[in-house]
Amino acid sequence: MGMTATQKIIAAHAGLDSVAAGQLVEARLDIVMGNDITIALAVPEFRRSGAEKVFDSDKVVVVLDHFAPNKDIKAAMQCKVCREFARENGLTHFYDVGRMGIEHALLPEQGIVAPGEMIIGGDSHTCTYGAVGAFSTGVGSTDLAMGMATGENWFKVPSAILFRLTGKPGKWVCGKDVMLHIIGRIGVDGALYRSMEFTGDGVAALSMDDRFSITNMAIEAGAKNALFPVDDTCRAYLDAHCSKQWTAYEADPDAEYEQVIDIDLSSIRPTVAFPHLPSNTRTIDEVGTVELDQVFIGSCTNGRMEDMATAAHILRGHRVSDRLRVIVIPATPSIYKECMEKGYIGIFLDAGCAVSTPTCGACLGGHMGILAEGEKCLSTTNRNFVGRMGHTASEVYLCSPAVAAASAIAGRIVSPETIDIEGDD
Amino acid sequence: MRNAHGKAFVFGDDVNTDVILPGKYLNVTDPVELASHCMESEDPEFTAKAQPGDIMIAGKNFGCGSSREHAPLSIKYLGISCVIAPTFARIFFRNALNIGLPILECEEAAANISAGDVVSVDFTTGVIVDETTGRSFQAEPFPPFMQNLISCGGLVNYSKEKIERRKP
């Protein structure tokens with residue numbers, strides 16, 4: 001029986017000719033990544049295990065992005081633990097404030113992750129790197145600690161769902177809408193324990209930033225990982241960012257899938273997930289009147305260059321509504337700099353948005369945009385669980401950067417189609 | 001490994017890590033302090049009511065969301081002896097076992113055990129007994145290596161020998 005692309009990557013790292021769904025294997029790791037929250041919890045476990053040094057100082061990546069710049073004294077102490085650990089181990093890839101970006105935007109941008117690699121990260125959105133053809137999955141701090149110590153971990157080989165994409169997305173539809181649409185269809189456990197593998201002519205119609213948004217939210221469908229094929233678009237991205245040697249894996253023609261789902265990209269409308277599950281989706285045409293207190297544009301899901309460009313395109317020459325505040329966070333220093341060079345930061349500031357240095361803070365209710373009781377936030381982030389961004393009686397609505405920017409102007413959730421946009425017909 | 005015996009607390013579907021342990025407490029690493037916030041946004045009285053040994057029963061996809069190990073740690077250090085649900089989110093599943101918190105997938109038990117029932121679990125056989133109603137349910141027992149991993153306190157203790165072998 002043939003293997004899925006995910007299964008082939010796992011087999012190659014387990015030193016086996018083939019693996020089958022359900023099999024338990026021990027596999028070699030190419031990259032082990034953690035952030036200030038998960039490394040802080042992993043370091044004591046690492047020490048308790050008797051390990052003295054990480055298995056490879058080029059392959060362990062530490063990014064201080066969650067509660068950094070240090071949000072309070074407790075966070076400062078946690079970041080200190082991470083900083084000391086990174087220096088002690090002489091890590092090549094240690095990213096502190098100033099060079100730090102949101103990890104899942106930063107690692108691909110810096111060329112740290114490549115096709116065919118086996119990657120674990122102490123962050124659930126580690127599944128993002130499937131956009132560049134890597135097997136990549138989130139783990140907790142104990143797995144992270146043992147991964148850093150041994151360069152290995154155990155895995156249960158997943159079965160897969162195949163998503164066959166056709167058509168091209170409409171003008172205001174991006175990867176985020178595609179993924180919200182999928183999660184709305186299959187539910188928050190629709191891909192539980194499984195791989196989500198993408199294929200079909202429609203893949204070519206998706207930019208790398210679209211693909212990163214899609215793989216990023218695979219965890220919101222319960223998936224173990226998500227995987228895009230390495231096509232011309234991906235190769236061009238890798239040529240620009242990654243100097244590693246890599247191997248791309250393709251599924252066997254007779255690979256077995258638990259389910260095959262056809263998605264016509266041209267039929268997807270801008271989509272919003274209502275509180276309190278990412279699967280509680282409605283198209284923009286069905287949202288009704290939802291007045292907003294805050295709009296957030298950024299995060300590991302939607303803080304990349306295209307997201308910033310879309311938001312700037314819509315906000316140019318407009319002022320955001322007086323009833324709300326808008327926070328924009330470019331995900332990495334190089335995205336921030338490019339936003340500056342292209343005049344986007346000026347557009348955001350003129351529109352009345354706050355623009356910040358990279359941090360995950362607001363998305364997980366840590367800092368930089370906490371919601372009060374009864375407040376509603378429209379956000380380009382990935383989770384809208386009860387209390388996710390603040391008070392347990394606040395509400396989070398998830399959407400694309402285009403819908404977020406348009407709604408920031410209107411003061412309520414609207415389609416970008418309703419906004420007069422400079423330079424558009 | 002030690003079997004579980006205690007009173008059941010029942011929760012719904014898709015209980016996520018933001019509900020188990022909100023993001024605002026992720027600047028805390030002390031597991032006892034984390035335990036004092038366990039499930040507080042769902043039931044502020046839970047930490048006061050739960051006694052050591054008590055058991056959590058939940059709906060599908062328990063622990064979905066973030067990879068924060070703070071979530072299962074808060075449950076373990078509250079003294080919960082077992083969580084039973086039809087399915088668990090996969091990162092939570094690994095994390096729970098890796099820190100030595102026993103969790104069992106059993107749809108029938110999750111659907112039929114009521115809040116306040118006294119429940120016992122035999123991890124060797126996978127048999128769950130609702131002592132209040134007298135009904136018993138069969139879960140897939142842990143394979144011996146996993147029983148060993150849990151009873152020695154989790155993956156770190158389990159891996160110590162392997163790490164020792166790597167040293168020059």
# chains A, B, ... in the order shown; residues from 1 in each chain; ligands from 1

call {"tool": "residues_around", "arguments": {"residues": "stretch 216-220 of chain A", "least_positions_apart": "2", "cutoff": "6 Å", "atoms": "only C-alpha atoms", "output": "compact mmCIF listing (two decimals) with C-alpha atoms, in the first residue's frame"}}
result
# COMPACT_ATOMS: atom_id res chain seq x y z
CA HIS A 125 0.69 26.45 15.53
CA CYS A 127 1.89 22.97 11.96
CA THR A 128 2.44 26.16 9.87
CA VAL A 188 -12.84 21.68 15.36
CA PHE A 212 0.94 29.70 5.69
CA SER A 213 -2.46 30.90 6.97
CA ILE A 214 -4.06 27.61 5.93
CA GLY A 222 -7.61 19.08 15.44
CA ALA A 223 -5.03 17.98 12.83

call {"tool": "residues_around", "arguments": {"residues": "A:Glu250", "least_positions_apart": "2", "cutoff": "7 Å", "atoms": "only C-alpha atoms", "output": "PDB file with N, CA and C atoms, in the first residue's frame"}}
result
ATOM      1  N   ALA A   5       2.297  11.784   1.687  1.00  0.00           N
ATOM      2  CA  ALA A   5       3.560  12.531   1.749  1.00  0.00           C
ATOM      3  C   ALA A   5       4.047  12.624   3.200  1.00  0.00           C
ATOM      4  N   ALA A 248      11.973  17.064  -1.358  1.00  0.00           N
ATOM      5  CA  ALA A 248      10.505  17.158  -1.343  1.00  0.00           C
ATOM      6  C   ALA A 248       9.910  15.755  -1.474  1.00  0.00           C
ATOM      7  N   ASP A 252       2.352   8.714  -2.709  1.00  0.00           N
ATOM      8  CA  ASP A 252       2.272   7.665  -3.722  1.00  0.00           C
ATOM      9  C   ASP A 252       0.905   7.737  -4.405  1.00  0.00           C
TER      10      ASP A 252
END

call {"tool": "select_by_dssp", "arguments": {"residues": "chain B", "states": "strand (DSSP E)", "output": "number ranges by chain"}}
result
B: 4-10, 55-57, 82-85, 103-105, 118-122, 127-130, 135-138

call {"tool": "write_last_selection", "arguments": {"atoms": "N, CA and C atoms", "output": "PDB file, in the first residue's frame"}}
result
ATOM      1  N   ALA B   4      -7.403   4.655  39.871  1.00  0.00           N
ATOM      2  CA  ALA B   4      -8.070   5.897  40.256  1.00  0.00           C
ATOM      3  C   ALA B   4      -9.387   5.592  40.947  1.00  0.00           C
ATOM      4  N   HIS B   5      -9.758   6.447  41.910  1.00  0.00           N
ATOM      5  CA  HIS B   5     -11.029   6.289  42.622  1.00  0.00           C
ATOM      6  C   HIS B   5     -11.442   7.653  43.139  1.00  0.00           C
ATOM      7  N   GLY B   6     -12.635   8.124  42.720  1.00  0.00           N
ATOM      8  CA  GLY B   6     -13.076   9.428  43.203  1.00  0.00           C
ATOM      9  C   GLY B   6     -14.422   9.824  42.629  1.00  0.00           C
ATOM     10  N   LYS B   7     -14.809  11.046  42.960  1.00  0.00           N
ATOM     11  CA  LYS B   7     -16.101  11.591  42.558  1.00  0.00           C
ATOM     12  C   LYS B   7     -15.966  12.213  41.155  1.00  0.00           C
ATOM     13  N   ALA B   8     -17.048  12.085  40.360  1.00  0.00           N
ATOM     14  CA  ALA B   8     -16.995  12.579  38.979  1.00  0.00           C
ATOM     15  C   ALA B   8     -17.434  14.035  38.872  1.00  0.00           C
ATOM     16  N   PHE B   9     -16.674  14.818  38.118  1.00  0.00           N
ATOM     17  CA  PHE B   9     -17.082  16.162  37.694  1.00  0.00           C
ATOM     18  C   PHE B   9     -17.280  16.104  36.182  1.00  0.00           C
ATOM     19  N   VAL B  10     -18.411  16.602  35.686  1.00  0.00           N
ATOM     20  CA  VAL B  10     -18.745  16.410  34.274  1.00  0.00           C
ATOM     21  C   VAL B  10     -18.673  17.734  33.498  1.00  0.00           C
ATOM     22  N   ILE B  55     -12.322  12.618  39.631  1.00  0.00           N
ATOM     23  CA  ILE B  55     -12.182  12.258  38.217  1.00  0.00           C
ATOM     24  C   ILE B  55     -12.956  13.250  37.358  1.00  0.00           C
ATOM     25  N   MET B  56     -12.360  13.674  36.245  1.00  0.00           N
ATOM     26  CA  MET B  56     -13.065  14.564  35.310  1.00  0.00           C
ATOM     27  C   MET B  56     -13.615  13.737  34.148  1.00  0.00           C
ATOM     28  N   ILE B  57     -14.896  13.975  33.840  1.00  0.00           N
ATOM     29  CA  ILE B  57     -15.547  13.332  32.703  1.00  0.00           C
ATOM     30  C   ILE B  57     -15.866  14.455  31.718  1.00  0.00           C
ATOM     31  N   CYS B  82      -7.765  11.055  37.059  1.00  0.00           N
ATOM     32  CA  CYS B  82      -7.984  10.556  35.705  1.00  0.00           C
ATOM     33  C   CYS B  82      -8.967  11.478  34.981  1.00  0.00           C
ATOM     34  N   VAL B  83      -8.775  11.642  33.677  1.00  0.00           N
ATOM     35  CA  VAL B  83      -9.763  12.339  32.845  1.00  0.00           C
ATOM     36  C   VAL B  83     -10.283  11.320  31.831  1.00  0.00           C
ATOM     37  N   ILE B  84     -11.614  11.252  31.714  1.00  0.00           N
ATOM     38  CA  ILE B  84     -12.234  10.307  30.773  1.00  0.00           C
ATOM     39  C   ILE B  84     -13.057  11.103  29.766  1.00  0.00           C
ATOM     40  N   ALA B  85     -12.828  10.866  28.473  1.00  0.00           N
ATOM     41  CA  ALA B  85     -13.578  11.563  27.411  1.00  0.00           C
ATOM     42  C   ALA B  85     -13.634  10.651  26.192  1.00  0.00           C
ATOM     43  N   ILE B 103      -5.183   9.560  31.279  1.00  0.00           N
ATOM     44  CA  ILE B 103      -6.421   9.940  30.596  1.00  0.00           C
ATOM     45  C   ILE B 103      -6.887   8.735  29.786  1.00  0.00           C
ATOM     46  N   LEU B 104      -8.191   8.565  29.713  1.00  0.00           N
ATOM     47  CA  LEU B 104      -8.727   7.409  28.995  1.00  0.00           C
ATOM     48  C   LEU B 104      -9.790   7.837  28.006  1.00  0.00           C
ATOM     49  N   GLU B 105      -9.734   7.247  26.800  1.00  0.00           N
ATOM     50  CA  GLU B 105     -10.789   7.484  25.822  1.00  0.00           C
ATOM     51  C   GLU B 105     -11.862   6.417  26.004  1.00  0.00           C
ATOM     52  N   VAL B 118     -19.607   8.115  42.079  1.00  0.00           N
ATOM     53  CA  VAL B 118     -18.283   7.659  42.510  1.00  0.00           C
ATOM     54  C   VAL B 118     -17.770   6.659  41.473  1.00  0.00           C
ATOM     55  N   VAL B 119     -16.559   6.903  40.987  1.00  0.00           N
ATOM     56  CA  VAL B 119     -16.042   6.143  39.853  1.00  0.00           C
ATOM     57  C   VAL B 119     -14.684   5.539  40.213  1.00  0.00           C
ATOM     58  N   SER B 120     -14.471   4.296  39.759  1.00  0.00           N
ATOM     59  CA  SER B 120     -13.131   3.730  39.918  1.00  0.00           C
ATOM     60  C   SER B 120     -12.604   3.284  38.554  1.00  0.00           C
ATOM     61  N   VAL B 121     -11.287   3.360  38.400  1.00  0.00           N
ATOM     62  CA  VAL B 121     -10.662   2.998  37.133  1.00  0.00           C
ATOM     63  C   VAL B 121      -9.497   2.049  37.406  1.00  0.00           C
ATOM     64  N   ASP B 122      -9.486   0.916  36.684  1.00  0.00           N
ATOM     65  CA  ASP B 122      -8.348  -0.005  36.749  1.00  0.00           C
ATOM     66  C   ASP B 122      -7.542   0.184  35.456  1.00  0.00           C
ATOM     67  N   VAL B 127     -10.838  -1.113  32.787  1.00  0.00           N
ATOM     68  CA  VAL B 127     -12.241  -1.169  33.243  1.00  0.00           C
ATOM     69  C   VAL B 127     -12.568   0.047  34.119  1.00  0.00           C
ATOM     70  N   ILE B 128     -13.658   0.725  33.730  1.00  0.00           N
ATOM     71  CA  ILE B 128     -14.142   1.893  34.474  1.00  0.00           C
ATOM     72  C   ILE B 128     -15.457   1.484  35.127  1.00  0.00           C
ATOM     73  N   VAL B 129     -15.595   1.665  36.446  1.00  0.00           N
ATOM     74  CA  VAL B 129     -16.836   1.280  37.133  1.00  0.00           C
ATOM     75  C   VAL B 129     -17.477   2.514  37.758  1.00  0.00           C
ATOM     76  N   ASP B 130     -18.748   2.735  37.415  1.00  0.00           N
ATOM     77  CA  ASP B 130     -19.538   3.766  38.090  1.00  0.00           C
ATOM     78  C   ASP B 130     -20.152   3.091  39.310  1.00  0.00           C
ATOM     79  N   ARG B 135     -22.804   0.432  36.898  1.00  0.00           N
ATOM     80  CA  ARG B 135     -22.451   0.110  35.509  1.00  0.00           C
ATOM     81  C   ARG B 135     -20.936   0.098  35.317  1.00  0.00           C
ATOM     82  N   SER B 136     -20.490  -0.773  34.411  1.00  0.00           N
ATOM     83  CA  SER B 136     -19.059  -0.740  34.118  1.00  0.00           C
ATOM     84  C   SER B 136     -18.830  -0.579  32.612  1.00  0.00           C
ATOM     85  N   PHE B 137     -17.684  -0.031  32.282  1.00  0.00           N
ATOM     86  CA  PHE B 137     -17.353   0.328  30.906  1.00  0.00           C
ATOM     87  C   PHE B 137     -15.929  -0.126  30.606  1.00  0.00           C
ATOM     88  N   GLN B 138     -15.694  -0.465  29.341  1.00  0.00           N
ATOM     89  CA  GLN B 138     -14.363  -0.944  28.959  1.00  0.00           C
ATOM     90  C   GLN B 138     -13.637   0.085  28.088  1.00  0.00           C
TER      91      GLN B 138
END

call {"tool": "interface_residues", "arguments": {"of": "chain A", "to": "chain B", "cutoff": "9 Å", "atoms": "only C-alpha atoms", "output": "number ranges by chain"}}
result
A: 37-38, 40-41, 45-46, 48-52, 67, 72-78, 122-125, 137-143, 145-146, 149-150, 188-189, 192-193, 219-220, 222-224, 277, 364-367, 383, 385-390, 392

call {"tool": "select_by_dssp", "arguments": {"residues": "stretch 137-352 of chain A", "states": "helix (DSSP H, G or I)", "output": "ChimeraX atom specification"}}
result
/A:141-150,175-186,201-205,208-221,232-241,265-267,284-286,299-302,305-315,333-341,344-351

call {"tool": "atom_distance", "arguments": {"atom1": "atom CA of A:Asp232", "atom2": "atom CA of A:Leu29"}}
result
26.2 Å

call {"tool": "residues_around", "arguments": {"residues": "A:Val290", "least_positions_apart": "6", "cutoff": "12 Å", "atoms": "only C-alpha atoms", "output": "MDAnalysis selection string"}}
result
chainID A and resid 272 274:275 284 375:378 395:397 407:408 410:414

call {"tool": "write_last_selection", "arguments": {"atoms": "N, CA and C atoms", "output": "PDB file, in the first residue's frame"}}
result
ATOM      1  N   VAL A 272     -16.263  34.629   8.383  1.00  0.00           N
ATOM      2  CA  VAL A 272     -16.025  35.091   9.756  1.00  0.00           C
ATOM      3  C   VAL A 272     -16.412  33.967  10.714  1.00  0.00           C
ATOM      4  N   PHE A 274     -17.660  33.162  14.300  1.00  0.00           N
ATOM      5  CA  PHE A 274     -18.314  33.811  15.442  1.00  0.00           C
ATOM      6  C   PHE A 274     -17.875  33.119  16.739  1.00  0.00           C
ATOM      7  N   PRO A 275     -18.045  33.811  17.875  1.00  0.00           N
ATOM      8  CA  PRO A 275     -17.724  33.190  19.156  1.00  0.00           C
ATOM      9  C   PRO A 275     -18.511  31.888  19.319  1.00  0.00           C
ATOM     10  N   ILE A 284     -19.540  36.414   4.950  1.00  0.00           N
ATOM     11  CA  ILE A 284     -19.682  37.849   5.208  1.00  0.00           C
ATOM     12  C   ILE A 284     -21.116  38.317   4.907  1.00  0.00           C
ATOM     13  N   GLU A 375     -16.865  43.347  25.698  1.00  0.00           N
ATOM     14  CA  GLU A 375     -16.299  43.913  24.467  1.00  0.00           C
ATOM     15  C   GLU A 375     -16.210  42.873  23.355  1.00  0.00           C
ATOM     16  N   LYS A 376     -16.284  43.397  22.116  1.00  0.00           N
ATOM     17  CA  LYS A 376     -16.197  42.542  20.926  1.00  0.00           C
ATOM     18  C   LYS A 376     -14.973  42.935  20.119  1.00  0.00           C
ATOM     19  N   CYS A 377     -14.183  41.926  19.748  1.00  0.00           N
ATOM     20  CA  CYS A 377     -12.991  42.168  18.929  1.00  0.00           C
ATOM     21  C   CYS A 377     -13.074  41.354  17.646  1.00  0.00           C
ATOM     22  N   LEU A 378     -12.824  42.024  16.526  1.00  0.00           N
ATOM     23  CA  LEU A 378     -12.677  41.318  15.247  1.00  0.00           C
ATOM     24  C   LEU A 378     -11.182  41.158  15.025  1.00  0.00           C
ATOM     25  N   GLU A 395     -15.930  38.874  23.509  1.00  0.00           N
ATOM     26  CA  GLU A 395     -16.150  38.029  22.336  1.00  0.00           C
ATOM     27  C   GLU A 395     -15.095  38.290  21.270  1.00  0.00           C
ATOM     28  N   VAL A 396     -14.626  37.203  20.617  1.00  0.00           N
ATOM     29  CA  VAL A 396     -13.659  37.319  19.529  1.00  0.00           C
ATOM     30  C   VAL A 396     -14.280  36.742  18.255  1.00  0.00           C
ATOM     31  N   TYR A 397     -14.196  37.519  17.174  1.00  0.00           N
ATOM     32  CA  TYR A 397     -14.640  37.097  15.837  1.00  0.00           C
ATOM     33  C   TYR A 397     -13.398  36.998  14.967  1.00  0.00           C
ATOM     34  N   SER A 407     -13.795  46.547   8.243  1.00  0.00           N
ATOM     35  CA  SER A 407     -14.655  46.665   9.418  1.00  0.00           C
ATOM     36  C   SER A 407     -14.128  47.731  10.385  1.00  0.00           C
ATOM     37  N   ALA A 408     -12.815  47.911  10.394  1.00  0.00           N
ATOM     38  CA  ALA A 408     -12.223  48.953  11.243  1.00  0.00           C
ATOM     39  C   ALA A 408     -12.743  50.324  10.813  1.00  0.00           C
ATOM     40  N   ALA A 410     -15.667  50.824   9.160  1.00  0.00           N
ATOM     41  CA  ALA A 410     -17.126  50.877   9.340  1.00  0.00           C
ATOM     42  C   ALA A 410     -17.549  50.846  10.812  1.00  0.00           C
ATOM     43  N   GLY A 411     -16.695  50.296  11.685  1.00  0.00           N
ATOM     44  CA  GLY A 411     -17.073  50.183  13.098  1.00  0.00           C
ATOM     45  C   GLY A 411     -17.887  48.938  13.396  1.00  0.00           C
ATOM     46  N   ARG A 412     -18.217  48.192  12.378  1.00  0.00           N
ATOM     47  CA  ARG A 412     -18.939  46.922  12.530  1.00  0.00           C
ATOM     48  C   ARG A 412     -18.440  45.977  11.444  1.00  0.00           C
ATOM     49  N   ILE A 413     -18.790  44.681  11.551  1.00  0.00           N
ATOM     50  CA  ILE A 413     -18.247  43.726  10.582  1.00  0.00           C
ATOM     51  C   ILE A 413     -18.898  43.953   9.220  1.00  0.00           C
ATOM     52  N   VAL A 414     -18.057  44.287   8.229  1.00  0.00           N
ATOM     53  CA  VAL A 414     -18.557  44.489   6.858  1.00  0.00           C
ATOM     54  C   VAL A 414     -17.616  43.837   5.854  1.00  0.00           C
TER      55      VAL A 414
END

call {"tool": "residues_around", "arguments": {"residues": "A:Gly116", "least_positions_apart": "4", "cutoff": "8 Å", "atoms": "only C-alpha atoms", "output": "PyMOL selection string"}}
result
chain A and resi 9+133-135+246-249
